[in-house]
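Worksheet for the structure shown next.
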Amino acid sequence: MYSKISNILNDINTVLLPRLCFGCNALLYRGEEHVCTVCRNQLPLTEYTFNAVNPVDRIFYGRINIIKASSFLFFTEKGIVKSIIHYLKYKNQEQIGAFLGNWYGHILKENNFLNNIDYVVPVPLHRKKLKKRGYNQVSLFAKLIAEHIGAQYLEGILIKTANTKTQTKKSRILRWQNKQALYILTDHEIFQDKNVLLLDDVITTGATMEVCVTALSATKGIKIYVASMAIVP
């Protein structure tokens, strides 16, 4: 009886406040969350693993000392992934991060990837951008992954020191890094001899990850893994 009443109320809410797919703007039906079934089936999963070498690893060859890199989805200029990440970052749809984190985290757990991770850390936003947006778009993604792989979620240790545009060309970020540290670690002991997974939304040139890993690498005995919601192929 309760289930029937709940379904009726949900149907009424759908009529009054229709839920739309973040991928194609089609009306979502009962059982669909955030993206419609068609868009979900069309999401371009990379199917990269943490066991075999993949193109994300190759981005960082010779640049930083990491154990492994990977990414969940392919990001293209015209596509569903760009649309849903746009809603996540700029349209106050923070729950998309949880949706992607739960999905990716489940895959990692089912395939027994990253079962040795001690801490999961999101790439941080500068405090001004965090205040303006109201949330870090990577936080819920990282929290859900941490839950799935049995690791501890931790933020506030790695911080961003300047309000730069992180998705600009690699050269601009690294020019700043040559002048002063764009990201700093406030505690150099907590990650000592630990396995840390660093997560971001989209990897393009890899410059953001590079400067974050550089900051983390100041910790003795740390082993760093990196991953993201999406990768630009």
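Letters A, B, ... go to the chains of the structure tokens in the order shown; residues in each chain start at 1; ligands are counted from 1 in the same order.
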
task: For Ile84 (chain A), work out the shell of residues within 8 Å, counting only C-alpha atoms and skipping chain neighbours fewer than 2 positions away, then give it as a list of chain:residue names.
output: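 Residues near the query, excluding close chain neighbours: A:Phe22, A:Gly23, A:Ile80, A:Val81, A:Lys82, A:His86, A:Tyr87, A:Leu88, A:Ile96.
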
- prompt: Hey, what's within 12 Å of region 212-218 of chain A if we count only C-alpha atoms and toss same-chain stuff fewer than 4 positions away? As a ChimeraX atom specification, please?
  reply: /A:60,63-67,69,121-125,157-161,166,173-174,177-178,180-200,206-208,222-227

- prompt: How far is it from CA of Phe75 (chain A) to CA of Lys132 (chain A), in Å with one decimal?
  reply: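 Interatomic distance, CA of Phe75 (chain A) to CA of Lys132 (chain A): 25.1 Å.
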
task: Return as number ranges by chain the full set of residues in region 24-228 of chain A whose backbone-based DSSP assignment is helix (DSSP H, G or I).
output: A: 37-42, 55-59, 80-90, 95-110, 127-133, 139-149, 170-179, 207-216

field: Residues near His106 (chain A), cut-off 10 Å, only C-alpha atoms, skip fewer than 2 positions along chain, as a list in words
entry: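 Counting only the stated atoms, we get Leu100, Gly101, Asn102, Trp103, Tyr104, Leu108, Lys109, Glu110, Asn111, Asn112, Leu144, Ile145, Glu147, His148 and Ile149 of chain A.
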
Give me a file of those residues, with all heavy atoms, as a CSV table (one decimal), in the first residue's frame.
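Final file, result_0.csv:
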chain,number,residue,atom,x,y,z
A,100,LEU,N,27.9,9.5,-10.8
A,100,LEU,CA,29.1,9.0,-11.5
A,100,LEU,C,30.0,8.3,-10.5
A,100,LEU,O,30.6,7.3,-10.9
A,100,LEU,CB,29.8,10.2,-12.2
A,100,LEU,CG,29.1,10.9,-13.3
A,100,LEU,CD1,29.9,12.0,-13.8
A,100,LEU,CD2,28.8,9.9,-14.5
A,101,GLY,N,30.1,8.8,-9.3
A,101,GLY,CA,31.0,8.2,-8.3
A,101,GLY,C,30.5,6.8,-7.9
A,101,GLY,O,31.3,5.9,-7.7
A,102,ASN,N,29.2,6.7,-7.8
A,102,ASN,CA,28.6,5.4,-7.4
A,102,ASN,C,28.8,4.4,-8.5
A,102,ASN,O,29.1,3.2,-8.2
A,102,ASN,CB,27.1,5.6,-7.1
A,102,ASN,CG,26.5,4.4,-6.4
A,102,ASN,OD1,27.0,3.8,-5.5
A,102,ASN,ND2,25.4,3.9,-7.0
A,103,TRP,N,28.6,4.8,-9.7
A,103,TRP,CA,28.8,3.9,-10.9
A,103,TRP,C,30.2,3.5,-11.0
A,103,TRP,O,30.5,2.3,-11.1
A,103,TRP,CB,28.3,4.7,-12.1
A,103,TRP,CG,28.2,3.8,-13.4
A,103,TRP,CD1,28.5,2.5,-13.5
A,103,TRP,CD2,27.7,4.2,-14.6
A,103,TRP,NE1,28.3,2.1,-14.8
A,103,TRP,CE2,27.8,3.1,-15.5
A,103,TRP,CE3,27.2,5.5,-15.1
A,103,TRP,CZ2,27.4,3.2,-16.9
A,103,TRP,CZ3,26.8,5.5,-16.5
A,103,TRP,CH2,26.9,4.4,-17.3
A,104,TYR,N,31.1,4.4,-11.0
A,104,TYR,CA,32.6,4.1,-11.2
A,104,TYR,C,33.1,3.3,-10.0
A,104,TYR,O,33.8,2.4,-10.2
A,104,TYR,CB,33.4,5.4,-11.4
A,104,TYR,CG,34.8,5.2,-11.9
A,104,TYR,CD1,35.1,4.1,-12.7
A,104,TYR,CD2,35.8,6.1,-11.5
A,104,TYR,CE1,36.4,4.0,-13.2
A,104,TYR,CE2,37.1,6.0,-12.0
A,104,TYR,CZ,37.4,4.9,-12.8
A,104,TYR,OH,38.7,4.8,-13.3
A,108,LEU,N,35.0,-0.3,-9.9
A,108,LEU,CA,36.3,-0.5,-9.2
A,108,LEU,C,36.2,-1.6,-8.2
A,108,LEU,O,37.1,-2.5,-8.1
A,108,LEU,CB,36.7,0.8,-8.6
A,108,LEU,CG,37.0,1.9,-9.5
A,108,LEU,CD1,37.4,3.2,-8.7
A,108,LEU,CD2,38.2,1.6,-10.5
A,109,LYS,N,35.1,-1.6,-7.4
A,109,LYS,CA,34.9,-2.7,-6.4
A,109,LYS,C,34.7,-4.0,-7.0
A,109,LYS,O,35.3,-5.0,-6.6
A,109,LYS,CB,33.8,-2.3,-5.5
A,109,LYS,CG,33.5,-3.3,-4.3
A,109,LYS,CD,32.4,-2.9,-3.5
A,109,LYS,CE,32.1,-3.8,-2.3
A,109,LYS,NZ,31.0,-3.4,-1.5
A,110,GLU,N,33.9,-4.1,-8.0
A,110,GLU,CA,33.6,-5.4,-8.6
A,110,GLU,C,34.8,-6.0,-9.3
A,110,GLU,O,34.9,-7.3,-9.3
A,110,GLU,CB,32.5,-5.2,-9.7
A,110,GLU,CG,31.1,-5.0,-9.1
A,110,GLU,CD,30.6,-6.3,-8.4
A,110,GLU,OE1,30.4,-7.3,-9.1
A,110,GLU,OE2,30.3,-6.2,-7.2
A,111,ASN,N,35.7,-5.2,-9.8
A,111,ASN,CA,36.9,-5.7,-10.5
A,111,ASN,C,38.1,-5.8,-9.5
A,111,ASN,O,39.2,-6.1,-10.0
A,111,ASN,CB,37.2,-4.8,-11.7
A,111,ASN,CG,36.2,-5.0,-12.8
A,111,ASN,OD1,36.3,-6.0,-13.6
A,111,ASN,ND2,35.2,-4.1,-12.9
A,112,ASN,N,37.8,-5.5,-8.3
A,112,ASN,CA,38.9,-5.6,-7.2
A,112,ASN,C,40.1,-4.6,-7.6
A,112,ASN,O,41.2,-4.9,-7.3
A,112,ASN,CB,39.4,-7.0,-7.1
A,112,ASN,CG,40.0,-7.2,-5.7
A,112,ASN,OD1,39.6,-6.6,-4.7
A,112,ASN,ND2,41.0,-8.1,-5.7
A,144,LEU,N,31.9,8.9,-2.9
A,144,LEU,CA,31.3,7.6,-3.3
A,144,LEU,C,32.3,6.6,-3.7
A,144,LEU,O,32.1,5.4,-3.3
A,144,LEU,CB,30.2,7.8,-4.4
A,144,LEU,CG,28.8,8.1,-4.0
A,144,LEU,CD1,28.2,6.9,-3.3
A,144,LEU,CD2,28.7,9.3,-3.1
A,145,ILE,N,33.3,7.0,-4.4
A,145,ILE,CA,34.4,6.0,-4.7
A,145,ILE,C,35.1,5.5,-3.5
A,145,ILE,O,35.3,4.3,-3.4
A,145,ILE,CB,35.4,6.7,-5.7
A,145,ILE,CG1,34.7,6.8,-7.1
A,145,ILE,CG2,36.6,5.8,-5.8
A,145,ILE,CD1,35.6,7.5,-8.2
A,147,GLU,N,33.8,5.2,-0.5
A,147,GLU,CA,33.0,4.2,0.1
A,147,GLU,C,33.0,2.8,-0.5
A,147,GLU,O,33.1,1.8,0.2
A,147,GLU,CB,31.5,4.7,0.1
A,147,GLU,CG,31.2,5.9,1.0
A,147,GLU,CD,29.8,6.3,1.0
A,147,GLU,OE1,28.9,5.6,0.5
A,147,GLU,OE2,29.5,7.5,1.4
A,148,HIS,N,33.0,2.8,-1.8
A,148,HIS,CA,33.0,1.6,-2.6
A,148,HIS,C,34.3,0.8,-2.4
A,148,HIS,O,34.3,-0.5,-2.3
A,148,HIS,CB,32.8,1.8,-4.0
A,148,HIS,CG,31.3,1.9,-4.4
A,148,HIS,ND1,30.5,0.9,-4.5
A,148,HIS,CD2,30.6,3.0,-4.7
A,148,HIS,CE1,29.3,1.3,-4.8
A,148,HIS,NE2,29.3,2.6,-4.9
A,149,ILE,N,35.5,1.5,-2.4
A,149,ILE,CA,36.7,0.8,-2.3
A,149,ILE,C,37.3,0.7,-0.9
A,149,ILE,O,38.4,0.1,-0.7
A,149,ILE,CB,37.8,1.4,-3.2
A,149,ILE,CG1,38.2,2.8,-2.7
A,149,ILE,CG2,37.3,1.4,-4.7
A,149,ILE,CD1,39.3,3.5,-3.5

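Pairwise distance (CA of Asp201 (chain A), CA of Val138 (chain A)) equals 6.0 Å.
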
- line: Of A:Ser83, A:Thr164, A:Asn54, A:Ser228, the one sitting nearest Ser139 (chain A) when using only C-alpha atoms is A:Ser228

field: One-decimal distance in Å that lies between CA of Glu47 (chain A) and CA of Gly105 (chain A)
entry: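 We find that CA of Gly105 (chain A) and CA of Glu47 (chain A) lie 13.1 Å from each other.
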